[in-house]
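Participant: Attaching a single structure in structure tokens format; questions to follow.
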Amino acid sequence: MIFGPTPLDEARGAILAHTVRLPGRVLKKGTVLDEGALAALKEAGKRDVIAARLESGDVPEDEAADRIANLLMAPLVARSRASTGRVNLFAESAGLFTVDAALVDRLNQVDESVTIATLPDRSVVTAKEMLATIKIIPFAVPGNVLAVIEAMARGRQPVTVQPFRPLSVGLVLTELPGVKESVMEGAVEATAARVESLLGTMLPVERVRHEEAPVADALTRLRKAGAELLLIAGASAVVDRRDIGPAAIVRAGGAIEHFGMPVDPGNLICLGRIGEVPAMVLPGCARSPKLNGFDWVLQRIFAGQRVTARDIMGMGVGGLLKEIEARPLPRADAPRTPVSPIAPRRARQVCALVLAAGRSRRMAPLNKLLVPDSKGVPMIARVVDNVLASHARPVIVVTGHERERIEEALAGRPVLFAHADDYAEGLSASLKAGLRAVPPEAEGMLVCLGDMPLVSGEMLDRLIGAFDPEEGRAIVQPTYRGKQGNPMLWSREFLADMLTISGDVGARHLAARNAERLVEVEMASDAVLRDFDTTEALRALPEFAGKR
């Protein structure tokens, strides 16, 4: 690949390296320069541009990313389309993510042009969570480099998602005189929360004396009741593989496979098995909702892995989980309700503004937002329901014309209202009323139009998923077959500029001025292009047929 200043006479087919702003036009980074673009550059007085020119054997960035992503595909792993040299991989199911770290390291060491980043090995993931990203650094990869990577990865499975199984779990709770009832309840509460977060269900808890025979009998009853995993929460911590809990597993016909683990908290765990059913004596820290070694074992079992003594002894690196002076968080102050181990990583905090203040002049005397569909649901209610189906929160509805009727149509829905007293001045007045209600914790604002009932919650979540101001994706806009649509998602950094807009216009001109901060998300449906201003347009929808 040839890179650097390129005379315009030699730049046809070259890839523009940096965004160039011209009078009335913006040529974005990555644009393949055609005759029209070159003519615009010449007209603006440009003599050359910084560009990349592919040589024989070079593989364009999107094609290279696409080919590498195909090598990493596995059951329950989905992928995005290649764009700007990047492909993302996602989980199709909640489960345990595993990665061949050594292979990924070797692939990353082949050439600086290719990078693969993944979640840590044994990460707990939710459906649709990102697992990995393949990013091509330059505009192309030498063909011989790509051939080496394909040879190294072919036939391997570097990343996998092992789905969680809905196991039935039996818990034996042992009792001793003087142990507080709150301690017993805490053990049950914490265990149930862990099991349910991994898609399992709890059988009725067996509470017995802290003695070998009663515990063994309880294990037998739970096995007969269908337990696929057996747990013992002792009133007293287990201190030896011949202690009450382990001895009860043996007495019930099982065996002890390993006692102790190099994870703190979690040292005093005992792993056994009765037939093919895993049986564990829990460490005392399992009564706490905080992460401990028991969680790591539990996650693997729910993912269908047989946990061995060797597995447990290999958990030492990274196994120091306890609070230390640099990370003070006393266990006594930990929340009573455990945080789900499969809760998604922190998402961007995005609020939604639904603009519903307009006078609907093109459909007068009707208010188009209140026209019901065939099920009697007003258009604005359909739009708000779609927004509520997304991850955007809070949802703020901006009212103006017929304020009371709009609020009545949305009665019972968990939304906030912001009223635009000056709604007659146009779209900007509605937008600014909504922006003034944006909470301080919101990182972005999803501006939705009240007359676009076909935009689904899933489409909105795709926009939210693409939003990352730190990565340069501060404005997100949907497209369909290259045409730009709505709604648009804006980073909070543009809030002040948006509040200066006036007249019957939105904020699209800000996107043109900040082209380097804009990312487009291609949709499979034209819903992002379709608003409904007239009764004729509504009649084209089966849901609104026959309505006036």
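By convention here, the chains of the structure tokens are called A, B, ... in the order presented, each chain's residues are numbered starting at 1, and ligands are numbered starting at 1 in the order presented.
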Taking the DSSP secondary structure from the backbone, can you list the residues of region 114-274 of chain A that are helix (DSSP H, G or I), as a count of residues only?

Facilitator: 49

Participant: Running DSSP on the backbone, which parts of region 325-541 of chain A land in strand (DSSP E), as a ChimeraX atom specification?

Facilitator: /A:350-356,395-399,416-419,444-449,475-480,483-484,488-491,518-522

Participant: Hey, can you spit out that residue selection with C-alpha atoms as a PDB file, in the first residue's frame?

Facilitator:
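Below is the file part09.pdb, written as the result:
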ATOM      1  CA  VAL A 350     -28.846   7.244  27.113  1.00  0.00           C
ATOM      2  CA  CYS A 351     -32.159   9.007  27.633  1.00  0.00           C
ATOM      3  CA  ALA A 352     -34.859   9.301  24.967  1.00  0.00           C
ATOM      4  CA  LEU A 353     -36.747  12.430  23.942  1.00  0.00           C
ATOM      5  CA  VAL A 354     -40.024  11.757  22.122  1.00  0.00           C
ATOM      6  CA  LEU A 355     -41.132  14.925  20.318  1.00  0.00           C
ATOM      7  CA  ALA A 356     -44.928  15.096  20.460  1.00  0.00           C
ATOM      8  CA  VAL A 395     -38.113   8.395  28.335  1.00  0.00           C
ATOM      9  CA  ILE A 396     -39.147  12.047  28.181  1.00  0.00           C
ATOM     10  CA  VAL A 397     -42.201  12.989  26.085  1.00  0.00           C
ATOM     11  CA  VAL A 398     -42.292  16.609  24.920  1.00  0.00           C
ATOM     12  CA  THR A 399     -45.850  17.982  24.730  1.00  0.00           C
ATOM     13  CA  LEU A 416     -41.686  11.847  32.071  1.00  0.00           C
ATOM     14  CA  PHE A 417     -43.276  14.881  30.421  1.00  0.00           C
ATOM     15  CA  ALA A 418     -41.709  18.178  29.387  1.00  0.00           C
ATOM     16  CA  HIS A 419     -44.010  20.861  28.032  1.00  0.00           C
ATOM     17  CA  GLY A 444     -26.484  10.829  25.298  1.00  0.00           C
ATOM     18  CA  MET A 445     -29.892  11.881  24.004  1.00  0.00           C
ATOM     19  CA  LEU A 446     -31.902   9.768  21.553  1.00  0.00           C
ATOM     20  CA  VAL A 447     -34.195  12.203  19.733  1.00  0.00           C
ATOM     21  CA  CYS A 448     -37.287  10.330  18.524  1.00  0.00           C
ATOM     22  CA  LEU A 449     -40.130  11.704  16.416  1.00  0.00           C
ATOM     23  CA  ILE A 475     -23.497  11.156  16.832  1.00  0.00           C
ATOM     24  CA  VAL A 476     -25.309   8.030  15.657  1.00  0.00           C
ATOM     25  CA  GLN A 477     -27.701   8.090  12.705  1.00  0.00           C
ATOM     26  CA  PRO A 478     -29.643   5.225  11.110  1.00  0.00           C
ATOM     27  CA  THR A 479     -29.583   4.708   7.352  1.00  0.00           C
ATOM     28  CA  TYR A 480     -31.481   2.546   4.918  1.00  0.00           C
ATOM     29  CA  LYS A 483     -30.326   7.256   2.962  1.00  0.00           C
ATOM     30  CA  GLN A 484     -30.100   8.988   6.329  1.00  0.00           C
ATOM     31  CA  MET A 488     -30.560  10.361  15.889  1.00  0.00           C
ATOM     32  CA  LEU A 489     -28.497   9.843  19.037  1.00  0.00           C
ATOM     33  CA  TRP A 490     -26.405  12.753  20.281  1.00  0.00           C
ATOM     34  CA  SER A 491     -23.627  12.880  22.841  1.00  0.00           C
ATOM     35  CA  LEU A 518     -20.771  10.798  13.130  1.00  0.00           C
ATOM     36  CA  VAL A 519     -21.326   7.085  12.629  1.00  0.00           C
ATOM     37  CA  GLU A 520     -24.070   5.621  10.465  1.00  0.00           C
ATOM     38  CA  VAL A 521     -25.880   2.386  11.318  1.00  0.00           C
ATOM     39  CA  GLU A 522     -27.430   0.631   8.332  1.00  0.00           C
TER      40      GLU A 522
END

Participant: For each of A:Asp121, A:Glu458, A:Asp66, A:Asp111, take the minimum atom-to-atom distance to Val99 (chain A), counting only C-alpha atoms, then give the residue where this is smallest.

Facilitator: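 Of the candidates, the smallest distance to Val99 (chain A) is held by A:Asp121.
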
Participant: So which residues touch Ile15 (chain A) within 8 Å, counting only C-alpha atoms, skipping near sequence neighbours fewer than 3 positions away, as number ranges by chain?

Facilitator: A: 29-33, 51-53, 139

Participant: Smallest atom-to-atom distance to Val297 (chain A): which of A:Gly57, A:Leu388, A:Leu199, A:Arg194, using only C-alpha atoms?

Facilitator: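 Of all the options, A:Arg194 lies closest to Val297 (chain A).
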
Participant: What is the distance between CA of Leu370 (chain A) and CA of Glu402 (chain A), in Å to one decimal?

Facilitator: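 According to the coordinates, CA of Leu370 (chain A) and CA of Glu402 (chain A) are separated by 9.7 Å.
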
Participant: Just give me the gap between CA of Asp62 (chain A) and CA of Met459 (chain A) in Å, one decimal is fine.

Facilitator: 23.3 Å

Participant: Show me, as a list in words, the residues that have an atom within 10 Å of Gly266 (chain A) when counting only C-alpha atoms, minus same-chain residues fewer than 4 positions from it.

Facilitator: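 Non-adjacent residues within range: Gly260, Met261, Pro262, Cys270, Leu282, Pro283, Gly284, Cys285, Ala286, Leu291, Asn292, Gly293, Phe294, Asp295, Trp296, Gly319, Leu320, Leu321 and Lys322 of chain A.
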
Participant: Could you check how far CA of Leu41 (chain A) sits from CA of Glu63 (chain A), in Å to one decimal?

Facilitator: 27.8 Å
